[in-house]
$ cat structure18.cif   # mmCIF, C-alpha atoms
data_final
#
loop_
_atom_site.label_atom_id
_atom_site.label_comp_id
_atom_site.auth_asym_id
_atom_site.auth_seq_id
_atom_site.Cartn_x
_atom_site.Cartn_y
_atom_site.Cartn_z
CA MET V 7 0.00 0.00 0.00
CA GLU V 8 1.26 3.47 -0.96
CA LEU V 9 0.90 5.40 2.30
CA LYS V 10 1.56 8.94 1.10
CA GLY V 11 -1.63 11.02 1.35
CA LYS V 12 -3.52 8.23 3.16
CA LYS V 13 -5.54 8.88 6.32
CA VAL V 14 -4.26 6.46 8.95
CA LEU V 15 -5.65 5.90 12.43
CA VAL V 16 -2.94 5.25 15.02
CA PHE V 17 -4.71 3.47 17.89
CA GLY V 18 -2.74 4.13 21.09
CA SER V 19 -0.74 7.15 22.24
CA GLY V 20 2.11 5.42 24.08
CA LYS V 21 5.68 4.98 22.84
CA SER V 22 4.69 2.63 19.98
CA GLY V 23 1.77 4.81 18.87
CA ILE V 24 3.85 7.98 18.78
CA GLY V 25 6.59 6.12 16.87
CA ALA V 26 4.02 4.98 14.30
CA ALA V 27 2.48 8.47 13.99
CA ASP V 28 5.91 10.07 13.49
CA LEU V 29 6.81 7.53 10.81
CA LEU V 30 3.50 8.08 8.98
CA GLY V 31 3.85 11.85 9.18
CA GLU V 32 7.41 11.68 7.83
CA ILE V 33 6.36 9.71 4.73
CA GLY V 34 3.46 12.03 3.92
CA ALA V 35 0.50 10.15 5.39
CA HIS V 36 -2.07 11.92 7.55
CA PRO V 37 -2.04 10.39 11.08
CA VAL V 38 -5.12 10.46 13.29
CA ILE V 39 -4.04 9.54 16.83
CA TYR V 40 -6.71 7.90 18.97
CA ASP V 41 -6.63 6.96 22.66
CA GLY V 42 -9.48 4.95 24.17
CA ASN V 43 -8.97 6.77 27.48
CA LYS V 44 -11.33 9.76 27.42
CA GLU V 45 -9.07 11.51 29.98
CA ALA V 46 -6.14 11.61 27.52
CA GLU V 47 -5.22 15.24 26.82
CA ARG V 48 -4.76 16.42 23.24
CA GLU V 49 -1.88 18.84 23.90
CA LYS V 50 -0.04 16.37 26.12
CA VAL V 51 -0.25 13.61 23.49
CA LEU V 52 0.64 15.80 20.50
CA SER V 53 3.60 17.28 22.40
CA LYS V 54 5.19 13.79 22.33
CA THR V 55 5.22 13.72 18.50
CA SER V 56 8.08 15.11 16.41
CA GLY V 57 5.92 18.15 15.56
CA LYS V 58 6.94 17.96 11.88
CA TYR V 59 3.44 17.13 10.60
CA GLU V 60 -0.23 17.85 11.22
CA ALA V 61 -2.07 15.20 13.23
CA ASP V 62 -5.63 14.91 14.46
CA PHE V 63 -6.38 13.55 17.92
CA TYR V 64 -9.44 11.90 19.47
CA ALA V 65 -9.94 10.46 22.97
CA GLY V 66 -12.70 8.21 24.30
CA ILE V 67 -15.16 8.15 21.39
CA LEU V 68 -14.03 7.99 17.77
CA PRO V 69 -16.71 9.63 15.58
CA GLU V 70 -18.33 7.37 12.99
CA GLU V 71 -17.53 9.80 10.14
CA ILE V 72 -13.81 9.60 11.05
CA GLN V 73 -13.95 5.80 11.08
CA ASP V 74 -15.55 5.81 7.62
CA SER V 75 -12.85 8.13 6.22
CA LEU V 76 -9.88 5.91 7.16
CA ASP V 77 -7.59 4.15 4.66
CA LEU V 78 -5.67 2.14 7.28
CA VAL V 79 -5.57 1.44 11.02
CA VAL V 80 -2.27 0.88 12.90
CA LEU V 81 -2.73 -0.77 16.32
CA SER V 82 -0.31 -0.32 19.22
CA PRO V 83 0.62 -3.70 20.81
CA GLY V 84 -1.48 -3.03 23.90
CA VAL V 85 -4.74 -2.80 21.90
CA PRO V 86 -6.62 -6.14 21.70
CA THR V 87 -7.88 -7.13 18.26
CA ASP V 88 -11.19 -8.44 19.59
CA ILE V 89 -12.63 -5.25 21.12
CA PRO V 90 -15.76 -3.87 19.37
CA LEU V 91 -14.05 -0.84 17.80
CA VAL V 92 -11.30 -2.95 16.17
CA LYS V 93 -13.81 -5.61 15.08
CA GLY V 94 -15.73 -2.75 13.43
CA PHE V 95 -12.67 -1.76 11.37
CA TYR V 96 -12.36 -5.34 10.08
CA GLU V 97 -16.09 -5.41 9.25
CA LYS V 98 -15.78 -2.15 7.30
CA GLY V 99 -12.94 -3.70 5.28
CA ILE V 100 -10.33 -1.24 6.58
CA PRO V 101 -6.84 -2.84 6.66
CA VAL V 102 -5.56 -3.27 10.23
CA TRP V 103 -1.79 -3.48 10.80
CA GLY V 104 0.34 -3.52 13.91
CA GLU V 105 3.23 -1.09 14.25
CA VAL V 106 5.66 -3.95 13.46
CA GLU V 107 3.93 -4.52 10.12
CA LEU V 108 4.09 -0.78 9.36
CA ALA V 109 7.80 -0.59 10.22
CA TYR V 110 8.60 -3.73 8.21
CA ARG V 111 6.90 -2.35 5.09
CA VAL V 112 8.75 0.96 5.33
CA GLY V 113 12.13 -0.37 6.52
CA LYS V 114 14.87 -2.00 4.45
CA GLY V 115 17.46 -4.73 4.90
CA ARG V 116 17.38 -8.08 6.67
CA VAL V 117 15.35 -8.89 9.77
CA LEU V 118 16.22 -11.33 12.56
CA ALA V 119 13.23 -11.74 14.91
CA ILE V 120 12.86 -13.36 18.32
CA THR V 121 9.74 -14.34 20.24
CA GLY V 122 8.92 -16.69 23.11
CA THR V 123 7.43 -16.36 26.57
CA ASN V 124 10.74 -15.87 28.38
CA GLY V 125 14.30 -14.93 27.49
CA LYS V 126 13.41 -12.66 24.55
CA THR V 127 15.10 -9.54 25.87
CA THR V 128 18.38 -11.21 26.83
CA THR V 129 18.54 -13.12 23.53
CA THR V 130 17.69 -10.01 21.50
CA ALA V 131 20.29 -7.89 23.31
CA LEU V 132 22.93 -10.62 22.87
CA LEU V 133 22.14 -11.14 19.17
CA GLY V 134 22.16 -7.35 18.78
CA LYS V 135 25.68 -7.21 20.19
CA ILE V 136 26.90 -10.04 17.94
CA MET V 137 25.46 -8.33 14.84
CA ARG V 138 26.73 -4.87 15.81
CA ASP V 139 30.22 -6.29 16.32
CA ALA V 140 30.04 -7.92 12.86
CA GLU V 141 28.06 -5.44 10.71
CA ASP V 142 28.08 -1.68 10.10
CA SER V 143 24.33 -0.94 10.11
CA VAL V 144 22.37 -2.71 12.87
CA TYR V 145 19.20 -1.71 14.75
CA VAL V 146 17.89 -3.49 17.85
CA VAL V 147 14.16 -2.76 18.11
CA GLY V 148 10.73 -3.93 19.19
CA ASN V 149 9.59 -5.10 22.59
CA ILE V 150 13.10 -4.46 23.95
CA GLY V 151 12.23 -0.76 24.28
CA THR V 152 12.93 1.01 20.97
CA PRO V 153 9.85 1.07 18.71
CA TYR V 154 10.60 -0.53 15.34
CA THR V 155 8.76 2.38 13.69
CA SER V 156 11.17 4.93 15.22
CA ARG V 157 14.12 3.48 13.24
CA ALA V 158 12.50 2.22 10.03
CA LEU V 159 13.31 5.31 7.91
CA GLU V 160 17.02 5.10 8.84
CA MET V 161 17.37 1.56 7.50
CA LYS V 162 19.33 0.79 4.31
CA GLU V 163 19.55 -2.27 2.09
CA GLU V 164 22.59 -3.50 4.06
CA THR V 165 20.91 -2.95 7.45
CA VAL V 166 20.32 -5.83 9.84
CA THR V 167 17.35 -5.36 12.17
CA VAL V 168 17.27 -7.48 15.33
CA ALA V 169 13.69 -7.39 16.65
CA GLU V 170 12.13 -8.65 19.87
CA ILE V 171 8.53 -9.44 18.92
CA SER V 172 5.75 -10.08 21.44
CA SER V 173 2.60 -12.12 20.89
CA PHE V 174 0.66 -8.84 20.89
CA GLN V 175 2.74 -7.65 17.93
CA LEU V 176 2.46 -10.94 16.04
CA GLU V 177 -1.37 -10.79 16.07
CA THR V 178 -1.31 -8.02 13.45
CA ILE V 179 1.39 -9.02 10.96
CA GLU V 180 0.61 -9.55 7.27
CA GLN V 181 3.84 -9.48 5.23
CA PHE V 182 6.41 -9.41 8.07
CA ALA V 183 9.02 -12.03 7.13
CA PRO V 184 12.26 -12.43 9.07
CA GLU V 185 15.24 -14.08 7.39
CA VAL V 186 15.98 -15.89 10.67
CA SER V 187 13.41 -16.26 13.45
CA ALA V 188 13.42 -17.90 16.87
CA ILE V 189 10.74 -19.10 19.28
CA LEU V 190 12.56 -19.65 22.57
CA ASN V 191 9.80 -21.35 24.58
CA ILE V 192 6.05 -21.23 25.14
CA THR V 193 4.60 -21.27 28.65
CA GLU V 194 1.37 -19.89 30.06
CA ASP V 195 1.19 -16.08 29.77
CA HIS V 196 -1.15 -13.30 28.61
CA LEU V 197 -4.25 -15.50 28.83
CA ASN V 198 -6.22 -12.38 29.76
CA ARG V 199 -5.49 -11.22 26.19
CA HIS V 200 -5.39 -14.45 24.16
CA HIS V 201 -7.98 -16.30 26.32
CA THR V 202 -6.74 -19.84 25.58
CA MET V 203 -3.35 -21.51 25.50
CA GLU V 204 -4.12 -22.77 21.97
CA GLU V 205 -4.60 -19.20 20.73
CA TYR V 206 -1.43 -18.00 22.49
CA ILE V 207 0.56 -20.80 20.82
CA ARG V 208 -0.99 -20.06 17.41
CA VAL V 209 -0.03 -16.40 17.65
CA LYS V 210 3.55 -17.14 18.73
CA GLU V 211 4.00 -19.50 15.77
CA LEU V 212 2.91 -16.71 13.38
CA ILE V 213 6.51 -15.45 13.44
CA THR V 214 7.19 -18.03 10.69
CA LYS V 215 3.98 -17.19 8.74
CA ASN V 216 5.78 -15.60 5.77
CA GLN V 217 9.14 -17.36 5.99
CA LYS V 218 10.30 -19.41 3.01
CA PRO V 219 12.12 -22.78 2.93
CA GLU V 220 15.48 -21.01 2.53
CA ASN V 221 14.88 -19.05 5.76
CA VAL V 222 15.67 -20.41 9.24
CA CYS V 223 13.65 -20.82 12.44
CA VAL V 224 15.48 -21.62 15.70
CA LEU V 225 13.38 -23.65 18.16
CA ASN V 226 13.77 -25.09 21.66
CA TYR V 227 13.88 -28.88 21.33
CA GLU V 228 12.93 -29.29 25.00
CA ASP V 229 9.61 -27.51 24.49
CA ALA V 230 7.14 -30.20 23.37
CA VAL V 231 4.89 -27.67 21.61
CA LEU V 232 7.81 -26.28 19.59
CA ARG V 233 9.27 -29.71 18.82
CA GLU V 234 5.90 -30.66 17.29
CA PHE V 235 5.68 -27.31 15.47
CA GLY V 236 9.17 -27.85 14.02
CA GLU V 237 7.93 -30.93 12.14
CA LYS V 238 5.53 -28.85 10.05
CA ALA V 239 7.28 -25.44 9.92
CA VAL V 240 8.09 -24.12 6.41
CA PRO V 241 11.57 -22.64 7.10
CA LYS V 242 14.63 -24.77 7.87
CA VAL V 243 14.39 -25.64 11.58
CA VAL V 244 17.47 -25.50 13.82
CA TYR V 245 16.91 -26.83 17.34
CA PHE V 246 18.75 -25.98 20.55
CA SER V 247 18.83 -28.10 23.71
CA SER V 248 20.30 -27.66 27.19
CA VAL V 249 19.71 -31.29 28.23
CA ARG V 250 20.65 -33.57 25.31
CA LYS V 251 23.02 -33.89 22.36
CA LEU V 252 21.42 -33.24 18.98
CA ASN V 253 22.43 -34.84 15.68
CA GLN V 254 22.01 -31.42 14.14
CA GLY V 255 21.54 -28.12 15.96
CA ILE V 256 23.18 -26.49 18.99
CA TYR V 257 23.35 -28.07 22.44
CA LEU V 258 24.99 -28.03 25.85
CA ASP V 259 27.42 -30.93 26.35
CA GLY V 260 28.62 -30.74 29.96
CA ASP V 261 30.10 -27.26 30.20
CA THR V 262 30.53 -26.77 26.44
CA ILE V 263 28.08 -25.33 23.90
CA VAL V 264 28.43 -27.33 20.67
CA LEU V 265 27.12 -26.44 17.20
CA CYS V 266 26.42 -29.43 14.98
CA THR V 267 25.88 -28.53 11.29
CA GLU V 268 25.26 -30.82 8.32
CA THR V 269 29.02 -31.24 7.89
CA GLU V 270 30.83 -30.58 11.19
CA LYS V 271 30.67 -30.54 14.98
CA ILE V 272 32.08 -27.30 16.42
CA PRO V 273 32.75 -26.50 20.10
CA VAL V 274 31.58 -22.87 20.41
CA VAL V 275 32.32 -21.81 24.00
CA LYS V 276 32.65 -23.13 27.55
CA THR V 277 29.98 -21.83 29.93
CA GLY V 278 32.69 -20.69 32.34
CA GLU V 279 33.86 -18.17 29.72
CA LEU V 280 30.43 -16.48 29.70
CA LYS V 281 29.39 -13.65 32.02
CA LEU V 282 25.80 -14.96 32.02
CA LEU V 283 24.73 -17.46 34.68
CA GLY V 284 22.14 -20.24 34.72
CA GLN V 285 20.81 -22.86 32.32
CA HIS V 286 18.10 -20.52 31.01
CA ASN V 287 20.82 -18.08 29.96
CA TYR V 288 22.81 -20.85 28.25
CA GLU V 289 19.64 -21.51 26.22
CA ASN V 290 19.47 -17.81 25.32
CA VAL V 291 23.13 -17.94 24.23
CA MET V 292 22.51 -21.03 22.08
CA ALA V 293 19.56 -19.38 20.35
CA ALA V 294 21.54 -16.19 19.65
CA VAL V 295 24.57 -18.16 18.39
CA ALA V 296 22.42 -20.24 16.02
CA MET V 297 20.63 -17.15 14.68
CA ALA V 298 23.89 -15.27 14.10
CA TYR V 299 25.58 -18.29 12.49
CA TYR V 300 22.70 -18.84 10.05
CA ALA V 301 22.64 -15.09 9.36
CA GLY V 302 26.20 -15.46 8.08
CA VAL V 303 28.40 -14.37 11.01
CA ASP V 304 31.57 -16.43 11.47
CA LEU V 305 32.03 -18.28 14.75
CA ASP V 306 35.18 -16.40 15.81
CA HIS V 307 33.19 -13.15 15.76
CA ILE V 308 30.29 -14.81 17.58
CA ARG V 309 32.57 -16.32 20.25
CA LYS V 310 34.21 -12.99 21.06
CA SER V 311 30.87 -11.16 21.32
CA ILE V 312 29.12 -13.67 23.58
CA CYS V 313 32.07 -13.79 25.99
CA GLU V 314 31.97 -9.99 26.35
CA PHE V 315 28.20 -9.76 26.89
CA THR V 316 26.90 -8.92 30.37
CA ALA V 317 23.42 -9.44 31.86
CA VAL V 318 20.48 -7.35 30.74
CA GLU V 319 19.15 -4.75 33.16
CA HIS V 320 16.15 -6.01 35.22
CA ARG V 321 16.94 -9.69 34.54
CA ILE V 322 18.50 -11.22 37.67
CA GLU V 323 20.56 -8.02 37.84
CA TYR V 324 22.98 -7.64 40.74
CA VAL V 325 22.13 -4.31 42.43
CA THR V 326 24.38 -3.98 45.49
CA GLU V 327 25.35 -5.52 48.83
CA LYS V 328 24.33 -3.79 52.07
CA ASN V 329 25.05 -5.17 55.56
CA GLY V 330 26.01 -8.48 53.96
CA ILE V 331 22.64 -8.76 52.16
CA ILE V 332 22.78 -8.98 48.35
CA TYR V 333 19.96 -7.34 46.36
CA TYR V 334 18.89 -8.61 42.91
CA ASN V 335 16.50 -6.92 40.47
CA ASP V 336 14.52 -9.40 38.36
CA SER V 337 11.64 -7.06 37.50
CA LYS V 338 11.59 -8.65 34.00
CA GLY V 339 10.21 -11.78 35.70
CA THR V 340 6.68 -10.77 34.68
CA ASN V 341 5.17 -14.27 34.70
CA PRO V 342 5.62 -17.36 36.89
CA ASP V 343 7.86 -19.24 34.45
CA ALA V 344 10.26 -16.30 34.14
CA ALA V 345 10.27 -15.84 37.91
CA ILE V 346 11.18 -19.52 38.40
CA LYS V 347 14.46 -18.77 36.60
CA GLY V 348 15.14 -15.99 39.10
CA ILE V 349 14.68 -18.34 42.07
CA GLN V 350 16.79 -21.06 40.44
CA ALA V 351 19.67 -18.59 40.06
CA MET V 352 19.76 -17.83 43.82
CA ASN V 353 22.47 -19.60 45.82
CA ARG V 354 21.55 -18.37 49.34
CA PRO V 355 18.43 -17.97 51.55
CA THR V 356 16.24 -15.37 49.84
CA TYR V 357 13.58 -12.83 50.72
CA LEU V 358 11.41 -12.84 47.60
CA ILE V 359 9.29 -9.82 46.61
CA GLY V 360 6.41 -10.80 44.31
CA GLY V 361 2.97 -9.78 43.11
CA GLY V 362 1.52 -7.21 40.74
CA TYR V 363 -1.07 -7.09 37.96
CA ASP V 364 -3.19 -10.21 37.47
CA LYS V 365 -2.69 -11.81 34.03
CA GLU V 366 -4.79 -14.79 35.17
CA SER V 367 -1.70 -16.94 35.68
CA SER V 368 -1.38 -19.95 37.96
CA TYR V 369 1.35 -19.56 40.59
CA ASP V 370 1.64 -23.19 41.77
CA GLU V 371 4.78 -24.13 39.80
CA TRP V 372 6.52 -20.92 40.84
CA ILE V 373 5.82 -21.60 44.53
CA GLN V 374 6.88 -25.24 44.15
CA ALA V 375 10.21 -23.99 42.71
CA PHE V 376 11.07 -22.19 45.97
CA ASP V 377 12.85 -25.44 46.86
CA GLY V 378 13.85 -24.36 50.37
CA LYS V 379 15.57 -21.21 49.09
CA VAL V 380 12.81 -18.71 49.91
CA ARG V 381 13.03 -17.59 53.53
CA CYS V 382 10.05 -15.22 53.23
CA LEU V 383 7.59 -14.30 50.46
CA VAL V 384 6.77 -10.57 50.53
CA LEU V 385 3.70 -9.80 48.40
CA ILE V 386 2.36 -6.53 46.97
CA GLY V 387 -0.07 -5.55 44.21
CA GLN V 388 -3.37 -6.84 42.88
CA THR V 389 -2.38 -10.52 43.07
CA LYS V 390 -1.08 -10.64 46.65
CA GLU V 391 -4.12 -12.41 48.12
CA LYS V 392 -4.33 -14.85 45.19
CA ILE V 393 -0.63 -15.78 45.53
CA LYS V 394 -0.92 -16.05 49.34
CA SER V 395 -3.81 -18.51 48.99
CA ALA V 396 -1.87 -20.62 46.46
CA ALA V 397 1.24 -20.64 48.67
CA GLU V 398 -0.66 -21.65 51.80
CA ARG V 399 -2.46 -24.40 49.91
CA LEU V 400 0.96 -25.75 48.90
CA GLY V 401 2.28 -25.55 52.47
CA PHE V 402 4.36 -22.35 52.26
CA THR V 403 3.34 -20.00 55.09
CA ASP V 404 6.20 -17.50 55.60
CA ILE V 405 4.27 -14.72 53.86
CA VAL V 406 3.96 -10.98 54.44
CA LEU V 407 1.43 -8.73 52.64
CA LEU V 408 2.42 -5.07 52.17
CA ASP V 409 1.02 -2.08 50.32
CA ASN V 410 3.87 -1.09 48.00
CA LEU V 411 7.39 -1.81 46.78
CA GLU V 412 9.08 0.71 49.07
CA GLU V 413 7.56 -0.95 52.15
CA ALA V 414 8.62 -4.35 50.79
CA VAL V 415 12.26 -3.27 50.38
CA GLN V 416 12.34 -1.75 53.88
CA PHE V 417 10.80 -4.89 55.41
CA CYS V 418 13.36 -7.14 53.70
CA ALA V 419 16.27 -4.90 54.73
CA LYS V 420 15.10 -5.00 58.35
CA HIS V 421 14.53 -8.77 58.59
CA ALA V 422 17.08 -10.38 56.22
CA LYS V 423 20.41 -11.42 57.76
CA SER V 424 23.96 -11.10 56.48
CA GLY V 425 24.61 -13.83 53.89
CA GLU V 426 21.01 -13.78 52.62
CA ALA V 427 19.55 -12.23 49.46
CA VAL V 428 16.62 -9.99 48.57
CA LEU V 429 15.17 -10.72 45.12
CA LEU V 430 12.52 -8.70 43.28
CA SER V 431 11.03 -11.29 40.91
CA PRO V 432 7.30 -10.55 40.84
CA ALA V 433 5.87 -13.32 38.57
CA CYS V 434 3.36 -10.64 37.51
CA ALA V 435 3.13 -7.63 35.20
CA SER V 436 3.83 -4.19 36.65
CA TRP V 437 0.65 -2.43 35.48
CA GLY V 438 -1.50 -0.83 38.14
CA GLN V 439 1.44 0.26 40.29
CA PHE V 440 4.01 1.07 37.59
CA ASP V 441 4.03 2.01 33.90
CA ASN V 442 6.23 -0.97 32.96
CA TYR V 443 8.70 -3.47 34.40
CA GLU V 444 11.61 -1.07 33.76
CA GLN V 445 10.08 1.59 36.00
CA ARG V 446 9.40 -1.05 38.66
CA GLY V 447 13.00 -2.30 38.52
CA ASN V 448 14.43 1.22 38.62
CA MET V 449 12.29 2.13 41.65
CA PHE V 450 13.43 -1.06 43.39
CA LYS V 451 17.06 -0.08 42.84
CA GLU V 452 16.35 3.45 44.03
CA TYR V 453 14.72 2.19 47.24
CA VAL V 454 17.66 -0.18 47.84
CA PHE V 455 20.25 2.58 47.38
CA GLN V 456 18.27 4.81 49.78
CA LEU V 457 18.52 2.24 52.58
#
$ encode --input "structure18.cif" --output "structure tokens"
Amino acid sequence: MELKGKKVLVFGSGKSGIGAADLLGEIGAHPVIYDGNKEAEREKVLSKTSGKYEADFYAGILPEEIQDSLDLVVLSPGVPTDIPLVKGFYEKGIPVWGEVELAYRVGKGRVLAITGTNGKTTTTALLGKIMRDAEDSVYVVGNIGTPYTSRALEMKEETVTVAEISSFQLETIEQFAPEVSAILNITEDHLNRHHTMEEYIRVKELITKNQKPENVCVLNYEDAVLREFGEKAVPKVVYFSSVRKLNQGIYLDGDTIVLCTETEKIPVVKTGELKLLGQHNYENVMAAVAMAYYAGVDLDHIRKSICEFTAVEHRIEYVTEKNGIIYYNDSKGTNPDAAIKGIQAMNRPTYLIGGGYDKESSYDEWIQAFDGKVRCLVLIGQTKEKIKSAAERLGFTDIVLLDNLEEAVQFCAKHAKSGEAVLLSPACASWGQFDNYEQRGNMFKEYVFQL
């Protein structure tokens, strides 16, 4: 679709929406920014745009005559596709894209895209480093924090885009086709949005929707859903495994990551040479190595980059030590499966801060993973009573309910002993108390440093 001169509704006025509006304005389209929150203020929203183009703005109700005048709708990731207004666009025959689809159509070069329930951000950041060390023009975009739309116009034919793509973003792709994709794992998450596990799985697998047989998809062999998907996927499938040797793929053999191609078996790196800790991180490394290798980067380059890479902020991030107590920020643990990895990485008795927005998750497996490590569970947020009930049902009773994160940090500092740890790993989204997990993690660090 030629977008110049077209009237395009940008649904959502957050970072992604503003990125999409700026991109549309820059290429000569006419953006109409819409926010479903009737309290959203016109001047405040428009002040976030580049100011280089004229844009209309509506909040709360979108007039019918505006809806009928649209050529295209671009949805921000946070907007569900099954709400009445969006269903109405489909019924009127108006094309509906996500901001990833918009950026892909405008951008140039090759795309390497990563999805999965957990590990996306670390894998994307690591692959981004490998590609930046090897190539001149590389952008790391998407769910990692930089909207894809905000960089699309800077991309050239030789550009490599490394994109972290969420299930919300995959719902609205049409032509988006990465050269190399990866699905790291699929565990229960976002059921408040996708409603069933089957739908969540279907949406995650859409990352391969437009890939061709000469493209590559990297999959976790130890995920039964993905192993089954790999048998019918169109692109060439490359598996990774942290628990068994593979005839072809990349796997962990003792303390060595090994890449097995059609023709050779190559030791890539020893885990002791990496700055990342834990089996889940070795899986992230394997996925990034496989993606980079099949994107044409030589293994010497890859080896150097992965050995230099340090942990991503908010993902089991060491904060500081005070009075012999070590504080870790795992605010990126926004679902139970991710938070299990945080607990597994602890090597000392731990005061665990959890709770937040309810995504209708089950917390049983997370609580069962405490494995004697959790000295006290400190709960805040909307889910605190729900998690408390689950923990007590499973026999864990050292629980404290508090009103906010600052109180939780102060409680832990007062009661934890030298040699113990305090871990923020909420197993829940941040919404309701914070704008996003980054803000939550930064506030945690601020409260710790204030102690």
$ resolve_selection --input "structure18.cif" --expression "the PyMOL selection byres ((chain V and resi 178-193) around 6)" --output "list in words"
Trp103, Gly104, Glu107, Val117, Leu118, Ala119, Ile120, Thr121, Gly122, Thr123, Leu176, Glu177, Glu194, Asn216, Gln217, Asn221, Val222, Cys223, Val224, Leu225 and Asn226 of chain V
$ residues_around --input "structure18.cif" --residues "range 409-411 of chain V" --least-positions-apart "6" --cutoff "12 Å" --atoms "all atoms listed in the file" --output "MDAnalysis selection string"
chainID V and resid 337 358:362 384:391 417:418 429:432 436 438:440 445:454
$ resolve_selection --input "structure18.cif" --expression "the PyMOL selection byres ((chain V and resi 23) around 10)" --output "PyMOL selection string"
chain V and resi 15-22+24-29+39-41+55+80-84+104-105+153+155
$ closest_residue --input "structure18.cif" --among "V:Val102, V:Leu91, V:Leu76, V:Val168" --to "Thr129 in chain V" --atoms "only C-alpha atoms"
V:Val168
$ closest_residue --input "structure18.cif" --among "V:Ala294, V:Val240, V:Val428, V:Leu52" --to "Asn329 in chain V" --atoms "all atoms listed in the file"
V:Val428
$ atom_distance --input "structure18.cif" --atom1 "CA of Ser156 in chain V" --atom2 "CA of Glu8 in chain V"
19.0 Å
$ closest_residue --input "structure18.cif" --among "V:Tyr324, V:Tyr299, V:Tyr369, V:Tyr357" --to "Arg399 in chain V" --atoms "only C-alpha atoms"
V:Tyr369
$ resolve_selection --input "structure18.cif" --expression "the PyMOL selection byres ((chain V and resi 422) around 12)" --output "VMD selection string"
chain V and resid 328 to 333 354 to 358 380 to 384 414 to 421 423 to 429
$ closest_residue --input "structure18.cif" --among "V:Thr152, V:Ser173, V:Thr128, V:Asn341" --to "Met292 in chain V" --atoms "only C-alpha atoms"
V:Thr128
$ atom_distance --input "structure18.cif" --atom1 "CA of Gly401 in chain V" --atom2 "CA of Trp372 in chain V"
13.2 Å
$ atom_distance --input "structure18.cif" --atom1 "CA of Tyr257 in chain V" --atom2 "CA of Gly284 in chain V"
14.6 Å
$ closest_residue --input "structure18.cif" --among "V:Val264, V:Tyr96, V:Asp404, V:Lys392" --to "Phe376 in chain V" --atoms "all atoms listed in the file"
V:Asp404
$ residues_around --input "structure18.cif" --residues "Thr340 in chain V" --least-positions-apart "6" --cutoff "6 Å" --atoms "all atoms listed in the file" --output "PyMOL selection string"
chain V and resi 433-435
$ residues_near_point --input "structure18.cif" --point "(34.8, -19.1, 32.1)" --cutoff "12 Å" --atoms "all atoms listed in the file" --output "list in words"
Asp261, Thr262, Val275, Lys276, Thr277, Gly278, Glu279, Leu280, Lys281, Leu282, Leu283, Ile312, Cys313 and Glu314 of chain V
$ write_last_selection --input "structure18.cif" --atoms "C-alpha atoms" --output "PDB file, keeping the file's coordinate frame"
ATOM      1  CA  ASP V 261      30.100 -27.260  30.200  1.00  0.00           C
ATOM      2  CA  THR V 262      30.530 -26.770  26.440  1.00  0.00           C
ATOM      3  CA  VAL V 275      32.320 -21.810  24.000  1.00  0.00           C
ATOM      4  CA  LYS V 276      32.650 -23.130  27.550  1.00  0.00           C
ATOM      5  CA  THR V 277      29.980 -21.830  29.930  1.00  0.00           C
ATOM      6  CA  GLY V 278      32.690 -20.690  32.340  1.00  0.00           C
ATOM      7  CA  GLU V 279      33.860 -18.170  29.720  1.00  0.00           C
ATOM      8  CA  LEU V 280      30.430 -16.480  29.700  1.00  0.00           C
ATOM      9  CA  LYS V 281      29.390 -13.650  32.020  1.00  0.00           C
ATOM     10  CA  LEU V 282      25.800 -14.960  32.020  1.00  0.00           C
ATOM     11  CA  LEU V 283      24.730 -17.460  34.680  1.00  0.00           C
ATOM     12  CA  ILE V 312      29.120 -13.670  23.580  1.00  0.00           C
ATOM     13  CA  CYS V 313      32.070 -13.790  25.990  1.00  0.00           C
ATOM     14  CA  GLU V 314      31.970  -9.990  26.350  1.00  0.00           C
TER      15      GLU V 314
END
$ closest_residue --input "structure18.cif" --among "V:Arg208, V:Lys215, V:His286, V:Lys135" --to "Ile322 in chain V" --atoms "all atoms listed in the file"
V:His286
$ residues_around --input "structure18.cif" --residues "Val318 in chain V" --least-positions-apart "2" --cutoff "8 Å" --atoms "all atoms listed in the file" --output "list in words"
Thr127, Thr128, Ala131, Thr316, His320, Arg321 and Glu323 of chain V
$ residues_around --input "structure18.cif" --residues "Val146 in chain V" --least-positions-apart "3" --cutoff "7 Å" --atoms "all atoms listed in the file" --output "list in words"
Gly134, Thr167, Val168 and Ala169 of chain V
